[in-house]
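Below is final-v8.tsv, holding TSV, C-alpha atoms and all ligand atoms.
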```
chain	number	residue	atom	x	y	z
A	787	MET	CA	-90.39	97.66	-128.93
A	788	GLU	CA	-91.82	101.03	-129.83
A	789	SER	CA	-88.82	102.94	-128.52
A	790	SER	CA	-86.27	100.68	-130.23
A	791	SER	CA	-87.92	101.09	-133.65
A	792	HIS	CA	-88.09	104.78	-132.96
A	793	THR	CA	-84.35	104.74	-132.33
A	794	GLY	CA	-83.73	102.76	-135.54
A	795	ALA	CA	-85.62	105.39	-137.54
A	796	ASP	CA	-83.73	108.25	-135.93
A	797	ALA	CA	-80.43	106.54	-136.62
A	798	ALA	CA	-81.34	106.00	-140.25
A	799	VAL	CA	-82.31	109.63	-140.69
A	800	GLN	CA	-79.07	110.70	-139.03
A	801	ALA	CA	-77.10	108.38	-141.35
A	802	LEU	CA	-78.77	110.01	-144.33
A	803	GLU	CA	-77.84	113.47	-143.10
A	804	ASP	CA	-74.22	112.39	-142.56
A	805	LEU	CA	-74.15	110.89	-145.99
A	806	LYS	CA	-75.33	114.11	-147.62
A	807	THR	CA	-72.71	116.13	-145.76
A	808	ASP	CA	-69.93	113.73	-146.73
A	809	ILE	CA	-71.02	113.64	-150.32
A	810	GLU	CA	-70.94	117.38	-150.65
A	811	GLY	CA	-67.76	117.82	-148.66
A	812	ALA	CA	-65.42	115.34	-150.35
A	813	VAL	CA	-62.52	116.84	-152.28
A	814	LEU	CA	-62.22	115.26	-155.75
A	815	ASP	CA	-59.02	116.59	-157.23
A	816	THR	CA	-57.17	113.43	-158.26
A	817	VAL	CA	-57.98	110.33	-160.24
A	818	ASP	CA	-57.54	108.25	-157.11
A	819	ALA	CA	-59.84	110.45	-155.08
A	820	ILE	CA	-62.49	110.18	-157.77
A	821	ASP	CA	-62.18	106.41	-157.90
A	822	GLU	CA	-62.33	106.04	-154.20
A	823	TYR	CA	-65.41	108.29	-154.04
A	824	ARG	CA	-67.17	106.23	-156.67
A	825	ILE	CA	-66.51	103.03	-154.79
A	826	ARG	CA	-67.33	104.41	-151.38
A	827	TYR	CA	-70.78	105.59	-152.42
A	828	LEU	CA	-71.85	103.65	-155.47
A	829	SER	CA	-70.32	100.19	-155.02
A	830	ARG	CA	-73.19	97.71	-155.22
A	831	LYS	CA	-71.85	95.58	-152.42
A	832	GLN	CA	-70.26	97.89	-149.88
A	833	GLY	CA	-71.35	101.36	-151.01
A	834	ARG	CA	-72.89	103.65	-148.44
A	835	ILE	CA	-75.89	104.32	-150.64
A	836	THR	CA	-76.73	100.63	-150.87
A	837	ALA	CA	-76.25	100.33	-147.12
A	838	LEU	CA	-78.71	103.12	-146.57
A	839	MET	CA	-81.27	101.55	-148.90
A	840	LYS	CA	-81.19	98.51	-146.68
A	841	ARG	CA	-82.25	100.66	-143.76
A	842	ILE	CA	-85.51	101.78	-145.35
A	843	PRO	CA	-87.48	99.20	-143.30
A	844	ASP	CA	-86.25	100.94	-140.11
A	845	VAL	CA	-88.14	104.07	-141.05
A	846	ALA	CA	-91.80	104.55	-140.17
A	847	PRO	CA	-93.95	103.39	-143.08
A	848	GLU	CA	-95.38	106.85	-143.78
A	849	ASP	CA	-91.83	108.29	-144.03
A	850	ARG	CA	-90.32	105.60	-146.23
A	851	ARG	CA	-91.20	107.16	-149.52
A	852	ALA	CA	-89.58	110.48	-148.65
A	853	PHE	CA	-86.59	108.65	-147.20
A	854	GLY	CA	-86.13	106.64	-150.39
A	855	GLN	CA	-86.38	109.76	-152.52
A	856	ALA	CA	-83.77	111.48	-150.39
A	857	ILE	CA	-81.37	108.56	-150.93
A	858	ASN	CA	-81.98	108.75	-154.66
A	859	SER	CA	-81.26	112.41	-154.76
A	860	ALA	CA	-78.04	111.80	-152.78
A	861	LYS	CA	-77.11	109.23	-155.41
A	862	ASP	CA	-77.78	111.79	-158.15
A	863	THR	CA	-75.49	114.19	-156.38
A	864	VAL	CA	-72.71	111.58	-156.26
A	865	GLU	CA	-73.07	110.94	-159.96
A	866	ARG	CA	-73.10	114.63	-160.84
A	867	ARG	CA	-70.01	115.29	-158.74
A	868	LEU	CA	-68.18	112.37	-160.32
A	869	GLU	CA	-68.94	113.68	-163.78
A	870	GLU	CA	-67.89	117.24	-162.96
A	871	ALA	CA	-64.72	116.16	-161.22
A	872	THR	CA	-63.69	113.91	-164.12
A	873	ALA	CA	-64.35	116.66	-166.64
A	874	ALA	CA	-62.41	119.20	-164.56
A	875	LEU	CA	-59.47	116.86	-164.23
A	876	THR	CA	-59.36	116.14	-167.96
A	877	THR	CA	-59.43	119.83	-168.84
A	878	ALA	CA	-56.72	120.56	-166.32
A	879	ALA	CA	-54.56	117.77	-167.68
A	880	SER	CA	-54.81	118.92	-171.28
A	881	ALA	CA	-54.20	122.51	-170.30
A	882	THR	CA	-51.00	121.75	-168.41
A	883	SER	CA	-49.51	118.91	-170.44
A	884	ALA	CA	-46.67	119.75	-172.80
A	885	PRO	CA	-47.61	120.37	-176.44
A	886	ALA	CA	-47.30	117.29	-178.66
A	887	ASP	CA	-43.76	116.64	-179.83
A	888	VAL	CA	-44.21	116.38	-183.57
A	889	THR	CA	-40.68	115.10	-184.03
A	890	LEU	CA	-41.38	111.87	-182.14
A	891	PRO	CA	-41.29	108.84	-184.43
A	892	GLY	CA	-44.72	107.32	-185.08
A	893	ARG	CA	-45.85	104.09	-183.55
A	894	GLU	CA	-45.65	101.26	-186.03
A	895	GLN	CA	-48.95	99.52	-186.70
A	896	PRO	CA	-48.74	95.80	-187.38
A	897	GLN	CA	-49.69	95.26	-190.99
A	898	GLY	CA	-51.16	92.20	-192.65
A	899	SER	CA	-49.96	90.94	-196.00
A	900	LEU	CA	-51.22	88.90	-198.91
A	901	HIS	CA	-50.82	85.15	-198.72
A	902	PRO	CA	-47.93	83.90	-200.90
A	903	ILE	CA	-50.43	81.98	-203.05
A	904	THR	CA	-52.42	85.16	-203.65
A	905	GLN	CA	-49.22	87.03	-204.43
A	906	ALA	CA	-48.10	84.40	-206.93
A	907	ALA	CA	-51.58	84.20	-208.51
A	908	ARG	CA	-51.68	87.96	-208.97
A	909	LEU	CA	-48.18	88.06	-210.36
A	910	ILE	CA	-48.92	85.34	-212.94
A	911	THR	CA	-52.24	86.92	-213.89
A	912	ARG	CA	-50.65	90.33	-214.30
A	913	VAL	CA	-48.02	89.04	-216.72
A	914	PHE	CA	-50.75	87.75	-219.05
A	915	GLU	CA	-52.94	90.81	-218.57
A	916	ASN	CA	-50.04	92.80	-219.95
A	917	TYR	CA	-50.31	90.70	-223.11
A	918	GLY	CA	-54.00	91.51	-223.50
A	919	PHE	CA	-55.60	88.57	-221.69
A	920	ASP	CA	-58.88	89.15	-219.82
A	921	VAL	CA	-59.36	87.57	-216.41
A	922	ALA	CA	-62.22	85.04	-216.11
A	923	GLU	CA	-63.45	82.87	-213.27
A	924	GLY	CA	-65.69	79.85	-212.93
A	925	PRO	CA	-67.40	77.73	-210.26
A	926	GLU	CA	-65.46	75.37	-207.99
A	927	ILE	CA	-68.42	72.98	-207.94
A	928	GLU	CA	-68.63	71.78	-211.52
A	929	ASP	CA	-70.56	69.33	-213.59
A	930	ASP	CA	-68.97	66.41	-215.32
A	931	TRP	CA	-69.64	67.98	-218.72
A	932	HIS	CA	-67.42	71.02	-218.16
A	933	ASN	CA	-64.76	69.30	-216.09
A	934	PHE	CA	-64.38	66.25	-218.35
A	935	THR	CA	-66.67	65.50	-221.27
A	936	ALA	CA	-66.48	68.85	-223.07
A	937	LEU	CA	-62.70	68.71	-222.62
A	938	ASN	CA	-62.63	65.57	-224.71
A	939	PHE	CA	-62.40	63.09	-221.85
A	940	PRO	CA	-64.78	60.42	-223.15
A	941	PRO	CA	-66.92	58.66	-220.51
A	942	ASP	CA	-64.99	55.75	-218.99
A	943	HIS	CA	-61.79	56.94	-220.63
A	944	PRO	CA	-58.75	56.15	-218.46
A	945	ALA	CA	-57.58	59.75	-218.82
A	946	ARG	CA	-60.18	60.62	-216.19
A	947	ASP	CA	-58.08	58.72	-213.70
A	948	MET	CA	-55.24	61.18	-214.23
A	949	GLN	CA	-57.18	63.40	-211.84
A	950	ASP	CA	-58.55	61.86	-208.66
A	951	THR	CA	-61.93	63.44	-208.30
A	952	PHE	CA	-64.10	64.37	-205.32
A	953	PHE	CA	-67.61	63.55	-206.50
A	954	ILE	CA	-70.60	65.31	-204.99
A	955	GLU	CA	-73.28	63.56	-206.99
A	956	ASP	CA	-72.98	60.24	-208.70
A	957	ALA	CA	-71.20	60.22	-212.02
A	958	GLU	CA	-73.78	57.77	-213.42
A	959	GLN	CA	-76.50	60.42	-213.57
A	960	GLU	CA	-77.94	61.96	-216.72
A	961	HIS	CA	-75.70	65.02	-216.71
A	962	GLY	CA	-72.81	62.96	-215.51
A	963	GLY	CA	-72.74	64.05	-211.90
A	964	ILE	CA	-71.50	67.00	-209.91
A	965	LEU	CA	-67.96	67.26	-208.59
A	966	LEU	CA	-65.30	69.57	-207.22
A	967	ARG	CA	-63.39	70.73	-210.26
A	968	THR	CA	-60.05	69.01	-210.63
A	969	HIS	CA	-58.55	71.77	-212.78
A	970	THR	CA	-59.33	75.23	-214.12
A	971	SER	CA	-59.70	73.93	-217.68
A	972	PRO	CA	-63.54	73.72	-217.42
A	973	VAL	CA	-63.55	77.52	-217.38
A	974	GLN	CA	-62.16	77.38	-220.95
A	975	ILE	CA	-65.41	75.66	-221.94
A	976	ARG	CA	-67.58	78.11	-219.99
A	977	VAL	CA	-65.86	81.12	-221.53
A	978	MET	CA	-66.13	79.74	-225.07
A	979	GLU	CA	-69.81	78.77	-224.56
A	980	ASP	CA	-70.52	82.26	-223.28
A	981	ILE	CA	-68.86	84.06	-226.14
A	982	MET	CA	-70.44	81.81	-228.75
A	983	LYS	CA	-73.95	82.81	-227.56
A	984	ASP	CA	-73.68	86.09	-229.42
A	985	GLY	CA	-70.15	86.42	-230.70
A	986	GLU	CA	-67.07	84.86	-232.24
A	987	PRO	CA	-63.38	84.57	-231.36
A	988	PRO	CA	-60.89	86.09	-230.69
A	989	ILE	CA	-61.01	84.80	-227.14
A	990	ARG	CA	-58.12	85.53	-224.83
A	991	VAL	CA	-58.53	84.74	-221.13
A	992	ILE	CA	-56.48	83.94	-218.09
A	993	VAL	CA	-58.28	82.02	-215.31
A	994	PRO	CA	-56.92	81.80	-211.77
A	995	GLY	CA	-58.77	79.57	-209.32
A	996	ARG	CA	-58.89	76.85	-206.73
A	997	VAL	CA	-59.07	73.18	-207.65
A	998	TYR	CA	-59.47	69.93	-205.69
A	999	ARG	CA	-58.03	66.45	-205.94
A	1000	ASN	CA	-58.61	63.38	-203.89
A	1001	GLU	CA	-54.92	62.68	-203.41
A	1002	ALA	CA	-52.81	61.50	-200.54
A	1003	ILE	CA	-51.42	64.55	-198.77
A	1004	SER	CA	-47.65	64.88	-198.77
A	1005	TYR	CA	-44.92	67.51	-199.06
A	1006	LYS	CA	-45.71	67.83	-202.76
A	1007	SER	CA	-49.45	67.36	-203.04
A	1008	TYR	CA	-52.45	68.65	-201.19
A	1009	CYS	CA	-56.19	67.96	-201.51
A	1010	LEU	CA	-56.75	71.45	-202.78
A	1011	PHE	CA	-54.50	73.81	-204.68
A	1012	HIS	CA	-54.62	76.59	-207.24
A	1013	GLN	CA	-54.15	76.80	-210.97
A	1014	VAL	CA	-54.02	79.41	-213.65
A	1015	GLU	CA	-55.47	78.48	-217.01
A	1016	GLY	CA	-54.82	80.34	-220.24
A	1017	LEU	CA	-56.75	80.19	-223.49
A	1018	TYR	CA	-56.30	81.98	-226.79
A	1019	VAL	CA	-58.51	81.22	-229.78
A	1020	ASP	CA	-58.33	83.17	-233.02
A	1021	GLU	CA	-57.65	82.77	-236.71
A	1022	GLY	CA	-54.14	81.55	-237.37
A	1023	VAL	CA	-52.98	80.87	-233.79
A	1024	THR	CA	-50.00	78.51	-233.85
A	1025	MET	CA	-47.71	76.59	-231.55
A	1026	ALA	CA	-45.10	79.29	-232.19
A	1027	ASP	CA	-47.41	81.85	-230.53
A	1028	LEU	CA	-47.74	79.51	-227.56
A	1029	LYS	CA	-43.99	79.08	-227.19
A	1030	GLN	CA	-43.41	82.79	-227.54
A	1031	ILE	CA	-45.87	83.79	-224.81
A	1032	LEU	CA	-44.74	81.08	-222.40
A	1033	HIS	CA	-41.13	82.02	-222.88
A	1034	ALA	CA	-41.94	85.66	-222.19
A	1035	PHE	CA	-43.80	84.54	-219.08
A	1036	ALA	CA	-40.87	82.45	-217.81
A	1037	ARG	CA	-38.45	85.32	-218.37
A	1038	THR	CA	-40.61	87.66	-216.30
A	1039	LEU	CA	-40.91	85.20	-213.44
A	1040	PHE	CA	-37.52	83.52	-213.40
A	1041	GLY	CA	-35.19	86.01	-215.06
A	1042	GLU	CA	-34.02	86.94	-218.55
A	1043	ASP	CA	-31.58	84.03	-218.74
A	1044	VAL	CA	-34.13	81.35	-217.86
A	1045	ARG	CA	-33.70	78.06	-219.73
A	1046	MET	CA	-36.88	76.39	-220.80
A	1047	ARG	CA	-37.87	73.29	-222.75
A	1048	PHE	CA	-41.02	71.81	-224.27
A	1049	ARG	CA	-41.54	68.09	-223.81
A	1050	PRO	CA	-44.18	66.17	-225.80
A	1051	SER	CA	-46.99	65.05	-223.53
A	1052	PHE	CA	-50.65	64.13	-223.56
A	1053	PHE	CA	-53.83	65.93	-222.50
A	1054	PRO	CA	-57.21	64.97	-223.93
A	1055	PHE	CA	-58.14	68.58	-224.72
A	1056	THR	CA	-54.98	69.56	-226.62
A	1057	GLU	CA	-53.30	68.14	-229.71
A	1058	PRO	CA	-50.37	68.30	-229.84
A	1059	SER	CA	-49.70	68.60	-226.10
A	1060	ALA	CA	-46.54	69.53	-224.26
A	1061	GLU	CA	-45.17	70.02	-220.81
A	1062	VAL	CA	-42.84	72.89	-220.10
A	1063	ASP	CA	-39.81	72.61	-217.82
A	1064	ILE	CA	-37.45	75.28	-216.62
A	1065	TRP	CA	-33.86	74.66	-215.60
A	1066	TRP	CA	-33.60	75.12	-211.87
A	1067	LYS	CA	-30.06	75.98	-210.81
A	1068	ASP	CA	-28.89	74.26	-207.66
A	1069	GLU	CA	-25.18	73.94	-206.94
A	1070	ASN	CA	-25.81	71.05	-204.56
A	1071	LEU	CA	-27.08	68.87	-207.39
A	1072	PRO	CA	-24.79	66.95	-209.72
A	1073	GLY	CA	-24.93	68.86	-213.01
A	1074	GLY	CA	-25.62	72.13	-211.20
A	1075	GLY	CA	-29.40	71.92	-211.32
A	1076	ARG	CA	-32.34	70.03	-212.71
A	1077	TRP	CA	-35.35	70.40	-214.99
A	1078	MET	CA	-38.56	71.28	-213.16
A	1079	GLU	CA	-41.96	70.98	-214.77
A	1080	ILE	CA	-43.99	74.17	-214.45
A	1081	LEU	CA	-46.98	73.73	-216.76
A	1082	GLY	CA	-48.94	71.78	-219.33
A	1083	CYS	CA	-50.05	73.21	-222.65
A	1084	GLY	CA	-50.94	72.52	-226.24
A	1085	MET	CA	-53.09	73.42	-229.21
A	1086	VAL	CA	-56.79	73.20	-228.40
A	1087	ASP	CA	-58.12	69.94	-229.80
A	1088	PRO	CA	-60.53	70.57	-232.73
A	1089	ASN	CA	-63.06	68.33	-230.93
A	1090	VAL	CA	-63.13	70.79	-228.04
A	1091	LEU	CA	-63.68	73.77	-230.35
A	1092	GLU	CA	-66.43	72.02	-232.29
A	1093	GLY	CA	-68.08	70.93	-229.05
A	1094	VAL	CA	-68.76	74.56	-228.14
A	1095	GLY	CA	-69.72	75.53	-231.69
A	1096	ILE	CA	-66.44	77.06	-232.87
A	1097	ASP	CA	-65.51	76.32	-236.48
A	1098	SER	CA	-62.22	74.45	-236.17
A	1099	GLU	CA	-61.48	74.95	-239.87
A	1100	LYS	CA	-61.44	78.68	-239.35
A	1101	TYR	CA	-60.10	79.01	-235.83
A	1102	THR	CA	-57.25	77.49	-233.87
A	1103	GLY	CA	-56.19	78.06	-230.32
A	1104	TYR	CA	-53.66	77.31	-227.64
A	1105	ALA	CA	-54.22	76.56	-223.97
A	1106	PHE	CA	-52.01	76.14	-220.96
A	1107	GLY	CA	-52.44	75.41	-217.29
A	1108	MET	CA	-50.09	75.69	-214.36
A	1109	GLY	CA	-50.13	75.10	-210.61
A	1110	ILE	CA	-49.78	78.30	-208.62
A	1111	GLU	CA	-48.32	76.55	-205.57
A	1112	ARG	CA	-45.56	75.07	-207.72
A	1113	ILE	CA	-44.62	78.52	-209.00
A	1114	ALA	CA	-44.83	80.08	-205.53
A	1115	MET	CA	-42.69	77.32	-204.04
A	1116	LEU	CA	-40.02	77.79	-206.71
A	1117	ARG	CA	-39.99	81.57	-206.40
A	1118	TYR	CA	-39.98	81.70	-202.62
A	1119	GLY	CA	-37.90	78.58	-201.96
A	1120	ILE	CA	-40.64	76.65	-200.13
A	1121	ASP	CA	-40.11	72.89	-200.08
A	1122	ASP	CA	-43.32	71.61	-198.48
A	1123	ILE	CA	-46.71	72.53	-199.96
A	1124	ARG	CA	-48.52	71.89	-196.67
A	1125	ILE	CA	-46.96	74.91	-195.01
A	1126	LEU	CA	-48.95	77.07	-197.44
A	1127	TYR	CA	-52.13	75.82	-195.78
A	1128	GLU	CA	-51.16	75.96	-192.11
A	1129	ASN	CA	-51.58	79.71	-191.70
A	1130	ASP	CA	-48.68	79.90	-189.28
A	1131	VAL	CA	-48.12	83.60	-188.78
A	1132	ARG	CA	-44.35	83.13	-188.41
A	1133	PHE	CA	-44.32	81.76	-191.95
A	1134	LEU	CA	-46.79	84.23	-193.44
A	1135	GLU	CA	-45.03	87.26	-191.94
A	1136	GLN	CA	-42.08	86.57	-194.20
A	1137	PHE	CA	-44.15	87.59	-197.20
A	1138	SER	CA	-45.12	91.11	-196.14
B	1201	LIG	N1	-55.68	70.88	-216.79
B	1201	LIG	C1	-54.36	70.28	-216.76
B	1201	LIG	C2	-54.08	69.68	-215.39
B	1201	LIG	O1	-54.69	70.09	-214.45
B	1201	LIG	C3	-53.30	71.32	-217.04
B	1201	LIG	C4	-53.35	71.74	-218.45
B	1201	LIG	C5	-52.59	71.08	-219.40
B	1201	LIG	C6	-54.16	72.80	-218.86
B	1201	LIG	C7	-52.61	71.46	-220.72
B	1201	LIG	C8	-54.18	73.20	-220.18
B	1201	LIG	C9	-53.40	72.50	-221.11
B	1201	LIG	O2	-54.93	74.20	-220.64
B	1201	LIG	O3	-53.44	72.89	-222.39
B	1201	LIG	O4	-53.29	68.81	-215.26
```
Show how you would write the structure in this file as structure tokens.
Ligand code: DAH
Amino acid sequence: MESSSHTGADAAVQALEDLKTDIEGAVLDTVDAIDEYRIRYLSRKQGRITALMKRIPDVAPEDRRAFGQAINSAKDTVERRLEEATAALTTAASATSAPADVTLPGREQPQGSLHPITQAARLITRVFENYGFDVAEGPEIEDDWHNFTALNFPPDHPARDMQDTFFIEDAEQEHGGILLRTHTSPVQIRVMEDIMKDGEPPIRVIVPGRVYRNEAISYKSYCLFHQVEGLYVDEGVTMADLKQILHAFARTLFGEDVRMRFRPSFFPFTEPSAEVDIWWKDENLPGGGRWMEILGCGMVDPNVLEGVGIDSEKYTGYAFGMGIERIAMLRYGIDDIRILYENDVRFLEQFS
């Protein structure tokens, strides 16, 4: 018993001595040699250092502490040698490698791009900014007052059904409920209310934003989409000003020779109201094209102005609103609105 444990201790001490010699002696001049060295000594499972740790119980109790310390110092040596060898190799490599070839073409980095809806929104907004419009924004969660009542949709008026609404809070409540805005027109009201706190017209804003409708999803309608709203209120604003600015807008977007027409229409917040179509050329169609509606517009109804405290005897205004998706689909030749919301990279990449 005694002699066998004695032998175990001797063997362990001998193994430690061998280990130290091997650690010092190894030649570490290649990446492979360094890797192999690391694994041979430091690997948790099969490393020689771990193996030696397991032999601590073989050593006489009074020697164990010193034995353990010796293993630790061997481990330190391994780590130091690894570090030095790696550093030496790196220096050697950079000293001997050829100087950088500055004529090599660069590596192309993949680049993201703006979503076509964002691109169209910015384009539309920029056209009106060039005519002196300020950009305004409003909340997507609206109250009934701004989305409907202040825009001259009386309670229970069938015109409310023109826009299928997602309600958040019941419409029967005192302030008429909370909803997801169905158009960007409520921002007209917010902007006018704001200005009338301590000012007067002129008011000239363009309002891009997201809107929601509880509609069946198809190739031409989605439960959310984007609009741009325009509003200009001042003394002496007329329908002629409206036609002039919208025509200028259509020329910028669809070309100098764009054909455009105003059709009488109805919106509660404008009087008179119109819808604007552009002639879309398409050789495959009989007649060589067709009229496509791009926006609604009109002269701001005096009721709307008075509702926010603007003197409708003194001031008049025009307003217009258009769907951004519609414009983007026309410009980019997209025939299904849903593809704008799928975020398929193969589609989006075409807009970089
Ligand atoms: N808000 C209308 C809609 O979503 C669009 C619209 C029509 C806005 C006429 C206007 C306007 O400002 O004058 O259908």
**OP:** Could you give me, as number ranges by chain, every polymer residue with an atom at most 8 Å away from an atom of ligand LIG 1201 (chain B), counting only C-alpha atoms and all ligand atoms?
**Re:** A: 948-949, 968-971, 974, 1013, 1015-1017, 1053, 1055-1056, 1059-1061, 1081-1086, 1104-1109
Original post:
For the atom pair atom CA of A:Ser899 and atom CA of A:Ile1080, what is the interatomic distance in Å to one decimal place?
Top reply: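 Value for the atom CA of A:Ser899-atom CA of A:Ile1080 distance: 25.6 Å.
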Original post:
Using all atoms listed in the file, which residues sit within 12 Å of A:Ala837 once same-chain residues fewer than 4 positions away are excluded, as a count of residues only?
Top reply: 16
**OP:** May I ask for the distance between atom CA of A:Glu1069 and atom CA of A:Tyr1005, given in Å to one decimal place?
**Re:** 22.2 Å
Original post:
Which residue out of A:Pro987, A:Pro891, A:Gly995, A:Pro1058 has the minimum interatomic distance to A:Asp1097 when all atoms listed in the file are used?
Top reply: A:Pro987
Subject >> Residue nearest A:Asn1000 - candidates A:Leu1134, A:Leu966, A:Val973, A:Val1019, atoms counted: only C-alpha atoms >> reply: A:Leu966
Original post:
Which of these residues is nearest to A:Phe1040, using only C-alpha atoms: A:Glu1021, A:Asp1130, A:Glu979, A:Asp1063?
Top reply: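 Among the listed residues, A:Asp1063 lies closest to A:Phe1040.
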Show me a table, sorted first by chain and then by increasing residue number, of the residues of stretch 818-914 of chain A having an atom at most 10 Å from stretch 921-928 of chain A, each with its shortest atom pair and the distance in Å to one decimal, counting only C-alpha atoms and written as CSV.
```
residue,atom,partner,partner_atom,distance
A:Thr911,CA,A:Val921,CA,7.6
A:Arg912,CA,A:Val921,CA,9.4
A:Phe914,CA,A:Val921,CA,9.0
```
**OP:** Kindly indicate which residue among A:Ala846, A:Ala886, A:Val991, A:Val913 lies nearest to A:Ala1034, using only C-alpha atoms for the distances.
**Re:** A:Val913
Subject >> Selected residue of minimal separation from A:Asp1020 among A:Glu1135, A:Glu1099, A:Glu869, A:Glu894, counting only C-alpha atoms >> reply: A:Glu1099
**OP:** For atom CA of A:Glu865 and atom CA of A:Asp844, determine how far apart the two atoms are, in Å to one decimal place.
**Re:**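 Atom CA of A:Asp844 lies at a distance of 25.8 Å from atom CA of A:Glu865.
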**OP:** In the coordinates of the file, take the point (-46.4, 68.8, -198.5) and a cut-off of 9 Å; then, counting all atoms listed in the file, name each qualifying protein, DNA or RNA residue as number ranges by chain.
**Re:** A: 1003-1008, 1121-1126
Original post:
Closest to A:Gln855 among A:Ile992, A:Leu868, A:Met839, A:Leu1039, using only C-alpha atoms?
Top reply: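 Closest to A:Gln855 of all the choices is A:Met839.
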Is there a way to complete stretch 1042-1059 of chain A with N, CA and C atoms and then write that out as a PDB file, in the frame of the given file?
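Contents of out-v3.pdb, as written:
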```pdb
ATOM      1  N   GLU A1042     -34.272  86.868-217.113  1.00  0.00           N
ATOM      2  CA  GLU A1042     -34.020  86.940-218.550  1.00  0.00           C
ATOM      3  C   GLU A1042     -33.286  85.704-219.083  1.00  0.00           C
ATOM      4  N   ASP A1043     -32.411  85.122-218.246  1.00  0.00           N
ATOM      5  CA  ASP A1043     -31.580  84.030-218.740  1.00  0.00           C
ATOM      6  C   ASP A1043     -32.193  82.658-218.473  1.00  0.00           C
ATOM      7  N   VAL A1044     -33.490  82.625-218.180  1.00  0.00           N
ATOM      8  CA  VAL A1044     -34.130  81.350-217.860  1.00  0.00           C
ATOM      9  C   VAL A1044     -34.005  80.375-219.035  1.00  0.00           C
ATOM     10  N   ARG A1045     -33.721  79.096-218.689  1.00  0.00           N
ATOM     11  CA  ARG A1045     -33.700  78.060-219.730  1.00  0.00           C
ATOM     12  C   ARG A1045     -35.000  77.277-219.643  1.00  0.00           C
ATOM     13  N   MET A1046     -35.548  76.978-220.796  1.00  0.00           N
ATOM     14  CA  MET A1046     -36.880  76.390-220.800  1.00  0.00           C
ATOM     15  C   MET A1046     -36.965  75.355-221.911  1.00  0.00           C
ATOM     16  N   ARG A1047     -37.719  74.283-221.679  1.00  0.00           N
ATOM     17  CA  ARG A1047     -37.870  73.290-222.750  1.00  0.00           C
ATOM     18  C   ARG A1047     -39.309  72.776-222.827  1.00  0.00           C
ATOM     19  N   PHE A1048     -39.709  72.407-224.043  1.00  0.00           N
ATOM     20  CA  PHE A1048     -41.020  71.810-224.270  1.00  0.00           C
ATOM     21  C   PHE A1048     -40.833  70.319-224.451  1.00  0.00           C
ATOM     22  N   ARG A1049     -41.584  69.539-223.712  1.00  0.00           N
ATOM     23  CA  ARG A1049     -41.540  68.090-223.810  1.00  0.00           C
ATOM     24  C   ARG A1049     -42.874  67.601-224.339  1.00  0.00           C
ATOM     25  N   PRO A1050     -42.896  66.706-225.329  1.00  0.00           N
ATOM     26  CA  PRO A1050     -44.180  66.170-225.800  1.00  0.00           C
ATOM     27  C   PRO A1050     -44.913  65.491-224.651  1.00  0.00           C
ATOM     28  N   SER A1051     -46.218  65.631-224.622  1.00  0.00           N
ATOM     29  CA  SER A1051     -46.990  65.050-223.530  1.00  0.00           C
ATOM     30  C   SER A1051     -48.388  64.734-224.043  1.00  0.00           C
ATOM     31  N   PHE A1052     -49.279  64.415-223.134  1.00  0.00           N
ATOM     32  CA  PHE A1052     -50.650  64.130-223.560  1.00  0.00           C
ATOM     33  C   PHE A1052     -51.661  64.779-222.624  1.00  0.00           C
ATOM     34  N   PHE A1053     -52.609  65.504-223.197  1.00  0.00           N
ATOM     35  CA  PHE A1053     -53.830  65.930-222.500  1.00  0.00           C
ATOM     36  C   PHE A1053     -54.972  65.718-223.479  1.00  0.00           C
ATOM     37  N   PRO A1054     -56.115  65.272-223.002  1.00  0.00           N
ATOM     38  CA  PRO A1054     -57.210  64.970-223.930  1.00  0.00           C
ATOM     39  C   PRO A1054     -57.678  66.196-224.724  1.00  0.00           C
ATOM     40  N   PHE A1055     -57.533  67.376-224.114  1.00  0.00           N
ATOM     41  CA  PHE A1055     -58.140  68.580-224.720  1.00  0.00           C
ATOM     42  C   PHE A1055     -57.167  69.359-225.598  1.00  0.00           C
ATOM     43  N   THR A1056     -55.929  68.875-225.725  1.00  0.00           N
ATOM     44  CA  THR A1056     -54.980  69.560-226.620  1.00  0.00           C
ATOM     45  C   THR A1056     -54.318  68.543-227.531  1.00  0.00           C
ATOM     46  N   GLU A1057     -53.991  69.000-228.749  1.00  0.00           N
ATOM     47  CA  GLU A1057     -53.300  68.140-229.710  1.00  0.00           C
ATOM     48  C   GLU A1057     -52.557  69.009-230.705  1.00  0.00           C
ATOM     49  N   PRO A1058     -51.260  69.028-230.732  1.00  0.00           N
ATOM     50  CA  PRO A1058     -50.370  68.300-229.840  1.00  0.00           C
ATOM     51  C   PRO A1058     -50.354  68.913-228.435  1.00  0.00           C
ATOM     52  N   SER A1059     -49.816  68.125-227.488  1.00  0.00           N
ATOM     53  CA  SER A1059     -49.700  68.600-226.100  1.00  0.00           C
ATOM     54  C   SER A1059     -48.234  68.617-225.696  1.00  0.00           C
TER      55      SER A1059
END
```
